[in-house]
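> Got a structure for you, target_39.txt, holding compact mmCIF, C-alpha atoms.
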```txt
# COMPACT_ATOMS: atom_id res chain seq x y z
CA MET A 1 3.55 15.74 -12.97
CA VAL A 2 0.47 14.00 -11.59
CA GLY A 3 -2.56 16.07 -10.65
CA LEU A 4 -3.96 15.58 -7.17
CA THR A 5 -7.51 14.72 -6.22
CA ARG A 6 -9.15 13.79 -2.95
CA GLU A 7 -11.42 11.38 -4.82
CA ALA A 8 -11.48 8.06 -2.98
CA THR A 9 -9.80 5.39 -5.11
CA GLY A 10 -8.20 2.06 -4.28
CA PRO A 11 -9.32 -1.16 -2.62
CA LEU A 12 -9.73 0.44 0.84
CA ALA A 13 -11.68 3.48 -0.35
CA ASP A 14 -14.69 2.66 1.84
CA LEU A 15 -12.65 2.57 5.05
CA ARG A 16 -12.00 5.32 7.58
CA VAL A 17 -8.80 5.29 9.64
CA VAL A 18 -7.98 7.43 12.66
CA GLU A 19 -4.22 7.72 13.11
CA MET A 20 -2.94 8.78 16.52
CA GLY A 21 0.70 7.82 16.07
CA GLN A 22 3.79 9.97 15.86
CA LEU A 23 7.23 9.67 14.27
CA ILE A 24 7.52 6.58 12.06
CA ALA A 25 5.78 3.29 12.93
CA GLY A 26 2.22 4.56 13.38
CA PRO A 27 2.36 7.14 10.58
CA PHE A 28 3.92 4.65 8.12
CA CYS A 29 1.10 2.18 8.85
CA GLY A 30 -1.34 5.02 8.20
CA GLN A 31 0.48 5.87 4.97
CA LEU A 32 0.17 2.30 3.72
CA LEU A 33 -3.57 2.24 4.43
CA GLY A 34 -4.04 5.68 2.89
CA ASP A 35 -2.08 4.72 -0.22
CA MET A 36 -4.62 1.95 -0.81
CA GLY A 37 -7.53 4.37 -0.63
CA ALA A 38 -8.56 4.60 3.02
CA GLU A 39 -9.53 7.98 4.40
CA VAL A 40 -6.87 8.63 7.04
CA ILE A 41 -7.66 11.25 9.68
CA LYS A 42 -4.46 12.06 11.52
CA ILE A 43 -4.76 13.46 15.04
CA GLU A 44 -1.85 15.79 15.82
CA PRO A 45 -1.10 17.74 18.99
CA PRO A 46 -1.94 21.43 18.55
CA GLY A 47 1.04 23.62 17.71
CA GLU A 48 3.99 21.87 16.11
CA GLY A 49 2.14 18.63 15.35
CA ASP A 50 3.92 15.40 14.52
CA PRO A 51 7.73 15.73 14.90
CA MET A 52 8.04 14.17 11.43
CA ARG A 53 7.12 17.59 10.04
CA GLN A 54 10.64 18.69 11.01
CA TRP A 55 12.59 15.64 9.83
CA GLY A 56 14.65 15.38 6.66
CA ARG A 57 18.10 15.97 5.26
CA GLY A 58 18.52 19.33 3.57
CA GLN A 59 14.79 20.07 3.78
CA PRO A 60 12.06 18.62 6.04
CA VAL A 61 10.55 16.50 3.26
CA TRP A 62 10.10 13.16 5.04
CA TRP A 63 6.70 14.42 6.17
CA GLU A 64 5.65 14.80 2.53
CA VAL A 65 5.93 11.03 2.07
CA ILE A 66 4.69 9.72 5.40
CA GLY A 67 1.89 12.30 5.63
CA ARG A 68 0.49 11.93 2.13
CA ASN A 69 -3.15 10.94 1.60
CA LYS A 70 -4.03 12.12 5.10
CA LYS A 71 -6.19 14.78 6.69
CA SER A 72 -4.90 16.59 9.76
CA VAL A 73 -6.97 17.51 12.80
CA SER A 74 -5.40 19.04 15.88
CA ILE A 75 -6.57 17.56 19.16
CA ASN A 76 -4.95 17.72 22.58
CA LEU A 77 -5.32 14.16 23.86
CA ARG A 78 -4.15 15.15 27.33
CA VAL A 79 -7.30 17.09 28.19
CA ALA A 80 -10.83 15.80 28.70
CA GLU A 81 -12.45 17.80 25.87
CA GLY A 82 -9.80 16.58 23.44
CA GLN A 83 -10.30 12.99 24.54
CA ALA A 84 -14.04 13.35 24.00
CA LEU A 85 -13.46 14.64 20.46
CA ALA A 86 -11.12 11.73 19.74
CA ARG A 87 -13.73 9.24 21.00
CA ARG A 88 -16.32 10.72 18.66
CA LEU A 89 -14.00 10.34 15.70
CA ILE A 90 -13.08 6.79 16.66
CA GLU A 91 -16.74 5.79 17.02
CA GLY A 92 -17.10 6.38 13.28
CA ALA A 93 -13.84 4.71 12.28
CA ASP A 94 -13.01 1.28 10.93
CA ILE A 95 -9.39 1.29 12.11
CA LEU A 96 -7.49 3.11 14.83
CA VAL A 97 -3.69 3.25 14.51
CA GLU A 98 -1.50 4.22 17.46
CA ASN A 99 2.12 3.77 18.48
CA PHE A 100 2.33 5.27 21.95
CA ARG A 101 3.85 3.49 24.92
CA PRO A 102 1.47 0.79 26.24
CA GLY A 103 -0.91 2.36 28.72
CA ALA A 104 -1.09 5.77 27.05
CA LEU A 105 -4.55 5.19 25.59
CA GLU A 106 -5.82 4.01 28.95
CA LYS A 107 -4.35 7.09 30.67
CA TRP A 108 -6.18 9.30 28.17
CA ASN A 109 -9.56 7.62 28.84
CA LEU A 110 -9.33 5.88 25.48
CA ALA A 111 -8.90 2.30 26.70
CA PRO A 112 -9.33 -0.21 23.86
CA ALA A 113 -12.00 -2.10 25.80
CA ASP A 114 -14.09 1.07 26.05
CA LEU A 115 -13.52 1.96 22.39
CA LEU A 116 -14.60 -1.53 21.31
CA ALA A 117 -17.67 -1.35 23.54
CA ALA A 118 -18.73 1.84 21.74
CA ASN A 119 -17.69 0.58 18.29
CA PRO A 120 -17.58 -3.25 18.23
CA ARG A 121 -16.42 -3.28 14.59
CA LEU A 122 -13.32 -1.22 15.38
CA ILE A 123 -9.87 -2.62 14.62
CA ILE A 124 -7.18 -1.14 16.87
CA VAL A 125 -3.61 -1.39 15.58
CA ARG A 126 -1.18 -0.92 18.47
CA MET A 127 2.54 -0.63 17.71
CA SER A 128 5.20 -0.49 20.40
CA GLY A 129 8.76 -1.55 21.07
CA TYR A 130 8.05 -4.72 23.03
CA GLY A 131 4.32 -5.34 22.61
CA GLN A 132 1.38 -4.65 24.89
CA ASP A 133 2.33 -7.16 27.59
CA GLY A 134 5.37 -8.97 28.97
CA PRO A 135 8.06 -7.77 31.40
CA TYR A 136 9.49 -5.17 28.98
CA ALA A 137 6.19 -3.69 27.79
CA GLN A 138 6.60 -0.41 29.66
CA ARG A 139 10.15 0.24 28.50
CA THR A 140 10.75 3.13 26.14
CA ALA A 141 11.93 1.93 22.73
CA PHE A 142 12.75 3.25 19.30
CA GLY A 143 13.28 1.27 16.12
CA LEU A 144 17.00 0.74 16.70
CA ILE A 145 16.26 -1.06 20.00
CA GLY A 146 13.81 -3.39 18.27
CA GLU A 147 16.34 -4.02 15.52
CA ALA A 148 18.94 -4.99 18.12
CA MET A 149 16.63 -7.22 20.17
CA GLY A 150 15.18 -8.87 17.07
CA GLY A 151 18.64 -9.93 15.87
CA TRP A 152 19.12 -7.54 12.96
CA ARG A 153 21.85 -5.26 14.30
CA HIS A 154 24.21 -8.06 15.35
CA ILE A 155 24.60 -9.38 11.82
CA VAL A 156 24.92 -6.04 9.99
CA GLY A 157 28.38 -4.68 9.24
CA GLU A 158 31.95 -5.92 9.06
CA ALA A 159 33.11 -8.72 11.36
CA ASP A 160 35.91 -6.65 12.94
CA ARG A 161 33.71 -3.63 13.75
CA PRO A 162 30.77 -2.92 16.08
CA PRO A 163 27.27 -3.69 14.79
CA SER A 164 26.16 -1.27 12.09
CA ARG A 165 22.74 -0.19 10.86
CA MET A 166 20.83 0.32 7.67
CA GLY A 167 20.47 3.89 6.47
CA VAL A 168 16.69 3.72 6.97
CA SER A 169 14.46 3.04 9.98
CA ILE A 170 13.80 -0.54 9.04
CA GLY A 171 12.51 -1.67 12.47
CA ASP A 172 9.77 0.97 12.52
CA SER A 173 8.83 0.27 8.91
CA LEU A 174 8.61 -3.47 9.50
CA ALA A 175 6.44 -3.01 12.59
CA ALA A 176 4.18 -0.70 10.58
CA THR A 177 3.98 -3.14 7.69
CA TYR A 178 3.04 -6.02 9.99
CA GLY A 179 0.56 -3.72 11.72
CA CYS A 180 -1.03 -3.06 8.33
CA LEU A 181 -1.05 -6.80 7.55
CA GLY A 182 -2.72 -7.42 10.89
CA ALA A 183 -5.35 -4.76 10.17
CA LEU A 184 -6.20 -6.33 6.81
CA SER A 185 -6.39 -9.80 8.39
CA ALA A 186 -8.69 -8.41 11.09
CA LEU A 187 -10.87 -6.82 8.41
CA HIS A 188 -11.32 -10.23 6.81
CA HIS A 189 -12.37 -11.66 10.16
CA ARG A 190 -14.77 -8.74 10.67
CA GLU A 191 -16.43 -9.46 7.33
CA LYS A 192 -17.37 -12.90 8.64
CA THR A 193 -18.24 -12.04 12.23
CA GLY A 194 -18.88 -8.29 12.43
CA GLN A 195 -16.37 -8.09 15.27
CA GLY A 196 -13.28 -5.92 15.50
CA GLN A 197 -10.18 -6.74 17.51
CA ILE A 198 -6.76 -5.51 18.63
CA VAL A 199 -3.64 -5.92 16.49
CA ASP A 200 -0.47 -5.98 18.63
CA SER A 201 2.65 -5.28 16.51
CA ALA A 202 5.94 -5.17 18.44
CA LEU A 203 9.07 -3.72 16.86
CA TYR A 204 11.35 -6.54 18.00
CA GLU A 205 8.93 -9.22 16.79
CA ALA A 206 8.53 -7.59 13.39
CA VAL A 207 12.32 -7.69 13.02
CA LEU A 208 12.49 -11.26 14.32
CA GLN A 209 9.96 -12.33 11.68
CA VAL A 210 12.38 -11.51 8.84
CA MET A 211 15.43 -13.15 10.42
CA GLU A 212 15.01 -16.25 8.27
CA SER A 213 16.54 -19.36 9.90
CA LEU A 214 18.54 -17.56 12.60
CA ILE A 215 16.76 -19.31 15.51
CA PRO A 216 16.68 -22.91 14.17
CA GLU A 217 20.29 -22.59 12.99
CA TYR A 218 21.24 -22.10 16.63
CA THR A 219 18.84 -24.57 18.22
CA VAL A 220 19.48 -27.36 15.71
CA ALA A 221 23.08 -26.78 14.63
CA GLY A 222 24.49 -24.62 17.43
CA MET A 223 25.44 -21.93 14.92
CA THR A 224 25.20 -18.22 15.77
CA ARG A 225 25.12 -15.85 12.83
CA GLU A 226 27.79 -13.17 12.89
CA ARG A 227 28.55 -10.05 10.87
CA SER A 228 29.93 -10.89 7.44
CA GLY A 229 30.03 -7.59 5.55
CA ALA A 230 28.87 -7.73 1.95
CA ILE A 231 28.52 -11.52 1.78
CA LEU A 232 26.37 -14.26 3.20
CA PRO A 233 28.78 -16.97 4.38
CA GLY A 234 28.49 -20.10 2.30
CA ILE A 235 26.48 -18.40 -0.47
CA ALA A 236 28.79 -17.99 -3.44
CA PRO A 237 29.28 -16.27 -5.72
CA SER A 238 27.07 -13.46 -4.43
CA ASN A 239 28.89 -10.20 -3.80
CA VAL A 240 29.80 -6.74 -5.01
CA TYR A 241 32.43 -6.99 -7.73
CA ARG A 242 34.55 -4.15 -9.04
CA ALA A 243 34.48 -3.19 -12.68
CA ALA A 244 37.05 -0.80 -14.15
CA ASP A 245 34.78 2.17 -13.43
CA GLY A 246 32.30 1.09 -10.77
CA ASP A 247 30.70 -1.71 -8.75
CA LEU A 248 28.21 -4.37 -9.81
CA LEU A 249 26.30 -6.83 -7.67
CA ILE A 250 26.34 -10.34 -9.11
CA GLY A 251 24.37 -13.27 -7.72
CA ALA A 252 25.27 -16.61 -9.29
CA ASN A 253 25.15 -19.06 -6.40
CA GLN A 254 22.64 -21.44 -8.04
CA ASP A 255 24.33 -24.20 -10.06
CA GLY A 256 22.79 -23.39 -13.43
CA ILE A 257 23.39 -19.66 -13.08
CA PHE A 258 26.98 -20.26 -12.00
CA ARG A 259 27.51 -22.25 -15.17
CA ARG A 260 26.22 -19.28 -17.19
CA LEU A 261 28.57 -16.94 -15.32
CA CYS A 262 31.49 -19.21 -16.14
CA ALA A 263 30.52 -19.10 -19.80
CA ALA A 264 30.34 -15.29 -19.67
CA MET A 265 33.82 -15.23 -18.15
CA GLY A 266 35.17 -17.41 -20.93
CA ARG A 267 35.95 -20.06 -18.29
CA PRO A 268 33.26 -22.73 -18.83
CA GLU A 269 35.51 -25.38 -17.27
CA LEU A 270 35.07 -23.79 -13.84
CA ALA A 271 31.46 -25.02 -13.70
CA ASP A 272 32.73 -28.63 -13.70
CA ASP A 273 35.74 -28.04 -11.48
CA PRO A 274 35.17 -30.05 -8.26
CA ARG A 275 36.23 -26.99 -6.24
CA TYR A 276 33.23 -25.01 -7.53
CA ALA A 277 30.84 -27.54 -9.08
CA ASN A 278 28.11 -27.34 -6.44
CA HIS A 279 26.66 -25.06 -3.81
CA VAL A 280 28.55 -26.57 -0.88
CA ALA A 281 31.91 -26.58 -2.65
CA ARG A 282 31.56 -22.97 -3.73
CA GLY A 283 30.61 -21.95 -0.19
CA GLU A 284 33.71 -23.62 1.22
CA ARG A 285 35.91 -21.67 -1.20
CA GLN A 286 33.95 -18.44 -1.14
CA ALA A 287 36.86 -16.01 -0.73
CA GLU A 288 38.93 -17.82 -3.34
CA LEU A 289 36.06 -17.78 -5.85
CA ASP A 290 35.22 -14.13 -5.18
CA GLY A 291 38.85 -13.21 -5.81
CA LEU A 292 38.84 -15.07 -9.09
CA ILE A 293 35.67 -13.34 -10.28
CA ASP A 294 36.79 -9.91 -9.08
CA ALA A 295 40.06 -10.22 -11.00
CA TRP A 296 38.00 -10.79 -14.16
CA THR A 297 35.39 -8.07 -13.59
CA ARG A 298 38.13 -5.45 -13.12
CA THR A 299 39.10 -5.91 -16.77
CA LEU A 300 35.69 -4.66 -17.99
CA THR A 301 33.78 -1.41 -17.82
CA LEU A 302 30.58 -1.35 -15.84
CA ASP A 303 28.46 -1.03 -19.00
CA ALA A 304 30.19 -3.96 -20.66
CA LEU A 305 30.00 -6.14 -17.55
CA GLU A 306 26.32 -5.46 -16.99
CA ALA A 307 25.51 -6.14 -20.64
CA LEU A 308 27.42 -9.41 -20.50
CA MET A 309 25.57 -10.53 -17.39
CA ASN A 310 22.21 -9.73 -18.97
CA THR A 311 23.13 -11.56 -22.17
CA HIS A 312 24.01 -14.70 -20.21
CA GLY A 313 21.05 -14.51 -17.85
CA VAL A 314 23.09 -13.86 -14.72
CA PRO A 315 21.38 -11.70 -12.03
CA ALA A 316 23.33 -8.46 -11.75
CA GLY A 317 22.61 -4.88 -10.84
CA ARG A 318 24.18 -1.55 -10.08
CA VAL A 319 24.08 0.06 -6.65
CA TYR A 320 21.48 2.80 -7.07
CA ARG A 321 21.16 6.14 -5.35
CA ALA A 322 18.42 8.71 -5.90
CA PRO A 323 20.05 10.15 -9.08
CA GLU A 324 20.20 6.71 -10.72
CA MET A 325 16.58 5.99 -9.80
CA LEU A 326 15.36 9.26 -11.30
CA ASN A 327 17.18 8.57 -14.56
CA ASP A 328 16.41 4.89 -14.97
CA PRO A 329 13.99 3.93 -17.79
CA HIS A 330 12.55 1.00 -15.82
CA PHE A 331 11.58 3.27 -12.92
CA ALA A 332 9.99 5.60 -15.45
CA ALA A 333 8.12 2.88 -17.35
CA ARG A 334 6.58 1.50 -14.15
CA GLU A 335 5.96 4.97 -12.66
CA ALA A 336 7.86 3.92 -9.56
CA ILE A 337 8.46 7.59 -8.78
CA VAL A 338 5.65 10.11 -8.93
CA SER A 339 6.00 13.88 -9.38
CA LEU A 340 3.42 15.99 -7.54
CA PRO A 341 2.63 19.72 -7.57
CA HIS A 342 3.64 21.36 -4.31
CA PRO A 343 2.88 24.85 -2.96
CA ARG A 344 6.37 25.29 -1.47
CA TRP A 345 8.71 23.60 -3.94
CA GLY A 346 6.69 23.77 -7.15
CA GLU A 347 6.84 20.02 -7.44
CA ILE A 348 8.07 17.16 -5.32
CA LYS A 349 9.09 13.66 -6.38
CA MET A 350 8.66 10.60 -4.19
CA GLN A 351 8.10 6.86 -4.38
CA ASN A 352 4.73 5.83 -5.76
CA VAL A 353 2.24 3.39 -4.19
CA PHE A 354 3.23 -0.27 -3.98
CA PRO A 355 2.29 -3.03 -4.57
CA LYS A 356 0.46 -2.43 -7.84
CA LEU A 357 -3.08 -3.80 -8.09
CA SER A 358 -4.52 -4.50 -11.54
CA ALA A 359 -8.18 -3.70 -10.82
CA THR A 360 -8.15 -1.31 -7.85
CA PRO A 361 -4.75 0.40 -7.74
CA GLY A 362 -3.83 2.75 -4.93
CA SER A 363 -2.69 6.29 -5.61
CA VAL A 364 -1.25 9.45 -4.14
CA ARG A 365 -4.44 11.50 -3.99
CA GLY A 366 -3.32 14.31 -1.75
CA LEU A 367 -0.22 16.00 -0.39
CA ALA A 368 0.67 15.73 3.26
CA PRO A 369 -1.26 18.37 5.24
CA GLN A 370 0.76 21.56 5.10
CA THR A 371 -0.48 22.88 8.44
CA VAL A 372 -1.41 21.25 11.73
CA GLY A 373 -5.19 21.02 11.93
CA GLU A 374 -5.61 21.83 8.25
CA HIS A 375 -8.83 19.81 8.13
CA ASN A 376 -10.36 20.84 11.46
CA GLY A 377 -13.19 22.60 9.66
CA GLU A 378 -14.01 19.62 7.45
CA ILE A 379 -13.69 16.88 10.07
CA LEU A 380 -14.56 18.53 13.39
CA GLY A 381 -16.87 21.14 11.92
CA GLU A 382 -18.78 19.56 9.06
CA ARG A 383 -18.52 15.90 10.16
CA LEU A 384 -18.87 16.21 13.93
CA GLY A 385 -21.13 19.24 13.68
CA LEU A 386 -19.10 21.74 15.71
CA SER A 387 -19.94 25.35 14.96
CA ALA A 388 -17.36 27.96 14.00
CA GLU A 389 -17.81 29.52 17.44
CA GLU A 390 -17.21 26.19 19.15
CA LEU A 391 -14.11 25.51 17.03
CA GLY A 392 -12.81 28.96 17.96
CA ARG A 393 -13.39 28.37 21.66
CA LEU A 394 -11.61 25.02 21.52
CA ALA A 395 -8.69 26.55 19.64
CA ASP A 396 -8.38 29.41 22.12
CA GLY A 397 -8.42 26.90 24.98
CA GLY A 398 -5.64 24.75 23.49
CA VAL A 399 -7.96 21.78 22.90
CA ILE A 400 -7.50 21.86 19.12
```
What does this structure look like when you write it as structure tokens?

Amino acid sequence: MVGLTREATGPLADLRVVEMGQLIAGPFCGQLLGDMGAEVIKIEPPGEGDPMRQWGRGQPVWWEVIGRNKKSVSINLRVAEGQALARRLIEGADILVENFRPGALEKWNLAPADLLAANPRLIIVRMSGYGQDGPYAQRTAFGLIGEAMGGWRHIVGEADRPPSRMGVSIGDSLAATYGCLGALSALHHREKTGQGQIVDSALYEAVLQVMESLIPEYTVAGMTRERSGAILPGIAPSNVYRAADGDLLIGANQDGIFRRLCAAMGRPELADDPRYANHVARGERQAELDGLIDAWTRTLTLDALEALMNTHGVPAGRVYRAPEMLNDPHFAAREAIVSLPHPRWGEIKMQNVFPKLSATPGSVRGLAPQTVGEHNGEILGERLGLSAEELGRLADGGVI
């Protein structure tokens, strides 16, 4: 179990972030920045706070991941006194993260132009479904809509069924990751010029960015990608193959690796067979080749098959769930999962900070705030100079 400390560590330890987002995209961007050392001050609405506090299967533990390394202050952004408090916090910030519908900041007297006038070095990361302009900007959107518009949903699932989804909110996470990338790029520009700017990260565009050659395949070759289940059409062999007691992913579509797979199968002649000798030929006979390999893998146990693939240098891996991750020696050796003391559950395990930096690694320094406004005294009292009486008045009035 790792002890917790609020000591600032990591490459962004000298930065202050104000996070005004809710649910996933904004908070995940804040998590990424906090993981790398930034002080993240999360503004939550008084009362129940961010809805993520209630999300999770079995127990509401999603908040523990997405809220880590953050400090919570409760501010009602819909009233003038709350907006004034938010402006004071933002004036001392390096980065503002928000993922409200375009126009919300302006409605709350927090227009980016005004914020930049008061703090020219400020970087404002704005995440939304469709971006800050364009004909769809004002539409309500969640991650699944961005995934559909960006092309992801259409190609996920089996060909004879409706579009499926991943079991995680990939659209929100991608938008947050690109928002974080934009913030870091803007920081580099600020180092040279002293000027902040606005980062506009749209869900559908973040998804579109990872769609590989989907657009040029259509515009150049007239080909529209369709759902193909567990395979990529024309990329073979690369599939899930059944062992006697489980499934193993094997990727051997490159010529040299395919030759090593053939040797492992005891069928070295297949590597020179014109039907399978090169990438194009294997792609044309994908189903036939997969059937041949699957018939062989079924004769072996999962342990034996995996060992054979490793011996012959063929990429292969099991399909992991949480139990396999927690018991895997590679996860343990790289500390991919961290165990933290927790006041409610004794300890809680979660993914560590990635990527790993050799000189200034990030860390999980603090648990997610356990109560809404947990740090009101530290941030609004000590930092902004509000007295205990003033904090009490604001709390009684529903401002904080």
> Need to verify the contact set: Asp35 of chain A, 9 Å, all atoms listed in the file, exclusion of same-chain residues closer than 6 positions in sequence. Can you return it as a list in words?
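Close residues of Asp35 of chain A: Gly10, Leu12, Arg68, Asn69, Asn352, Val353, Phe354, Gly362, Ser363, Val364 and Arg365 of chain A.
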> Could you give me, as number ranges by chain, the residues within 12 Å of Gly392 of chain A, counting all atoms listed in the file and dropping anything in the same chain fewer than 5 positions from it?
A: 376-377, 380-381, 386-387, 397-400
> Between atom CA of Ala333 of chain A and atom CA of Gly34 of chain A, what distance in Å does the model show, to one decimal?
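Interatomic distance here is 23.8 Å.
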> A:Glu205, A:Glu347, A:Asp133, A:Glu226: which is nearest Val156 of chain A, counting only C-alpha atoms?
A:Glu226
> Would you mind listing what lies within 6 Å of segment 269-285 of chain A as JSON, numbers by chain, with only C-alpha atoms counted and same-chain residues fewer than 3 positions away left out?
{"A": [234, 235, 236, 259, 288]}
> What is the atom CA of Gly103 of chain A-atom CA of Ala175 of chain A distance in Å, reported with one decimal?
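These two atoms are separated by 18.5 Å.
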> Counting only C-alpha atoms, which of A:Gly157, A:Gly26, A:Pro46, A:Gly167 gets nearest to Cys180 of chain A?
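For Cys180 of chain A, the nearest of the candidates is A:Gly26.
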> Please list as JSON, numbers by chain every residue within 9 Å of Pro11 of chain A, counting all atoms listed in the file and excluding residues in the same chain fewer than 4 positions away.
{"A": [36, 37, 38, 357, 359, 360, 361, 362]}
> Using 9 Å as the limit and counting all atoms listed in the file, can you tabulate each residue of segment 320-358 of chain A that touches segment 367-373 of chain A, with its shortest atom-to-atom distance in Å and the two atoms involved, as a tab-separated table?

```
residue	atom	partner	partner_atom	distance
A:Leu340	CA	A:Leu367	CA	8.0
A:Pro341	CA	A:Leu367	CA	8.6
A:His342	CA	A:Leu367	CA	7.7
A:Pro343	CA	A:Gln370	CA	9.0
```
> To one decimal place in Å, what is the distance between atom CA of Ala93 of chain A and atom CA of Gly129 of chain A?
25.0 Å
> With all atoms listed in the file as the atoms that count, which of A:Ile90, A:Cys29, A:Ile293, A:Met211 lies nearest to Met127 of chain A?
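Of A:Ile90, A:Cys29, A:Ile293, A:Met211, the one nearest Met127 of chain A is A:Cys29, counting all atoms listed in the file.
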> Between A:Leu184, A:Leu116, A:Leu232, A:Ala148, which residue has the minimum interatomic distance to Leu33 of chain A, considering only C-alpha atoms?
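Counting only C-alpha atoms, the residue closest to Leu33 of chain A is A:Leu184.
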> Check the smallest atom-to-atom distance from each of A:Val97, A:Ala244, A:Leu23, A:Ala230 to Gln54 of chain A using only C-alpha atoms, then report the winner.
A:Leu23
> Within 12 Å of Met149 of chain A, counting all atoms listed in the file, which residues qualify if same-chain residues fewer than 2 places away don't, as a VMD selection string?
chain A and resid 129 to 130 136 141 to 147 151 to 155 171 202 to 209 211
> From the set A:Phe331, A:Tyr178, A:Trp296, A:Phe28, which residue has the shortest atom-to-atom contact distance to Asp200 of chain A, counting only C-alpha atoms?
A:Tyr178
> Within 10 Å of (10.4, 12.5, -3.5), all atoms listed in the file: residues as JSON, numbers by chain?
{"A": [61, 62, 64, 65, 322, 326, 337, 338, 339, 340, 347, 348, 349, 350, 351, 352]}
> (6.9, 11.0, 10.0) in this file's frame - what residues fall within 7 Å of it? Use all atoms listed in the file and give the answer as a ChimeraX atom specification.
/A:22-24,27,50-53,62-63,66-67
> My structure is short of atoms at segment 369-381 of chain A; please model N, CA, C and O atoms there, returning them as a compact mmCIF listing (two decimals), in the coordinates of the input.

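As a result, out.txt now contains:
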```txt
# COMPACT_ATOMS: atom_id res chain seq x y z
N PRO A 369 -0.71 17.09 4.76
CA PRO A 369 -1.26 18.37 5.24
C PRO A 369 -0.14 19.38 5.51
O PRO A 369 0.83 19.06 6.18
N GLN A 370 -0.30 20.56 4.99
CA GLN A 370 0.76 21.56 5.10
C GLN A 370 0.74 22.28 6.44
O GLN A 370 1.74 22.86 6.85
N THR A 371 -0.38 22.26 7.12
CA THR A 371 -0.48 22.88 8.44
C THR A 371 -1.14 21.93 9.41
O THR A 371 -1.95 21.08 9.02
N VAL A 372 -0.78 22.06 10.69
CA VAL A 372 -1.41 21.25 11.73
C VAL A 372 -2.87 21.67 11.87
O VAL A 372 -3.18 22.86 11.96
N GLY A 373 -3.77 20.70 11.83
CA GLY A 373 -5.19 21.02 11.93
C GLY A 373 -5.79 21.58 10.65
O GLY A 373 -6.85 22.22 10.68
N GLU A 374 -5.15 21.30 9.54
CA GLU A 374 -5.61 21.83 8.25
C GLU A 374 -7.06 21.44 7.95
O GLU A 374 -7.78 22.18 7.27
N HIS A 375 -7.48 20.31 8.45
CA HIS A 375 -8.83 19.81 8.13
C HIS A 375 -9.76 19.87 9.34
O HIS A 375 -10.77 19.14 9.38
N ASN A 376 -9.46 20.71 10.30
CA ASN A 376 -10.36 20.84 11.46
C ASN A 376 -11.77 21.22 11.04
O ASN A 376 -12.75 20.69 11.56
N GLY A 377 -11.87 22.16 10.10
CA GLY A 377 -13.19 22.60 9.66
C GLY A 377 -13.98 21.47 9.03
O GLY A 377 -15.17 21.28 9.32
N GLU A 378 -13.32 20.71 8.14
CA GLU A 378 -14.01 19.62 7.45
C GLU A 378 -14.39 18.49 8.39
O GLU A 378 -15.53 17.99 8.36
N ILE A 379 -13.46 18.06 9.24
CA ILE A 379 -13.69 16.88 10.07
C ILE A 379 -14.44 17.23 11.36
O ILE A 379 -15.47 16.64 11.67
N LEU A 380 -13.92 18.20 12.11
CA LEU A 380 -14.56 18.53 13.39
C LEU A 380 -15.79 19.41 13.20
O LEU A 380 -16.76 19.29 13.95
N GLY A 381 -15.73 20.26 12.16
CA GLY A 381 -16.87 21.14 11.92
C GLY A 381 -17.98 20.45 11.16
O GLY A 381 -19.05 20.17 11.70
```
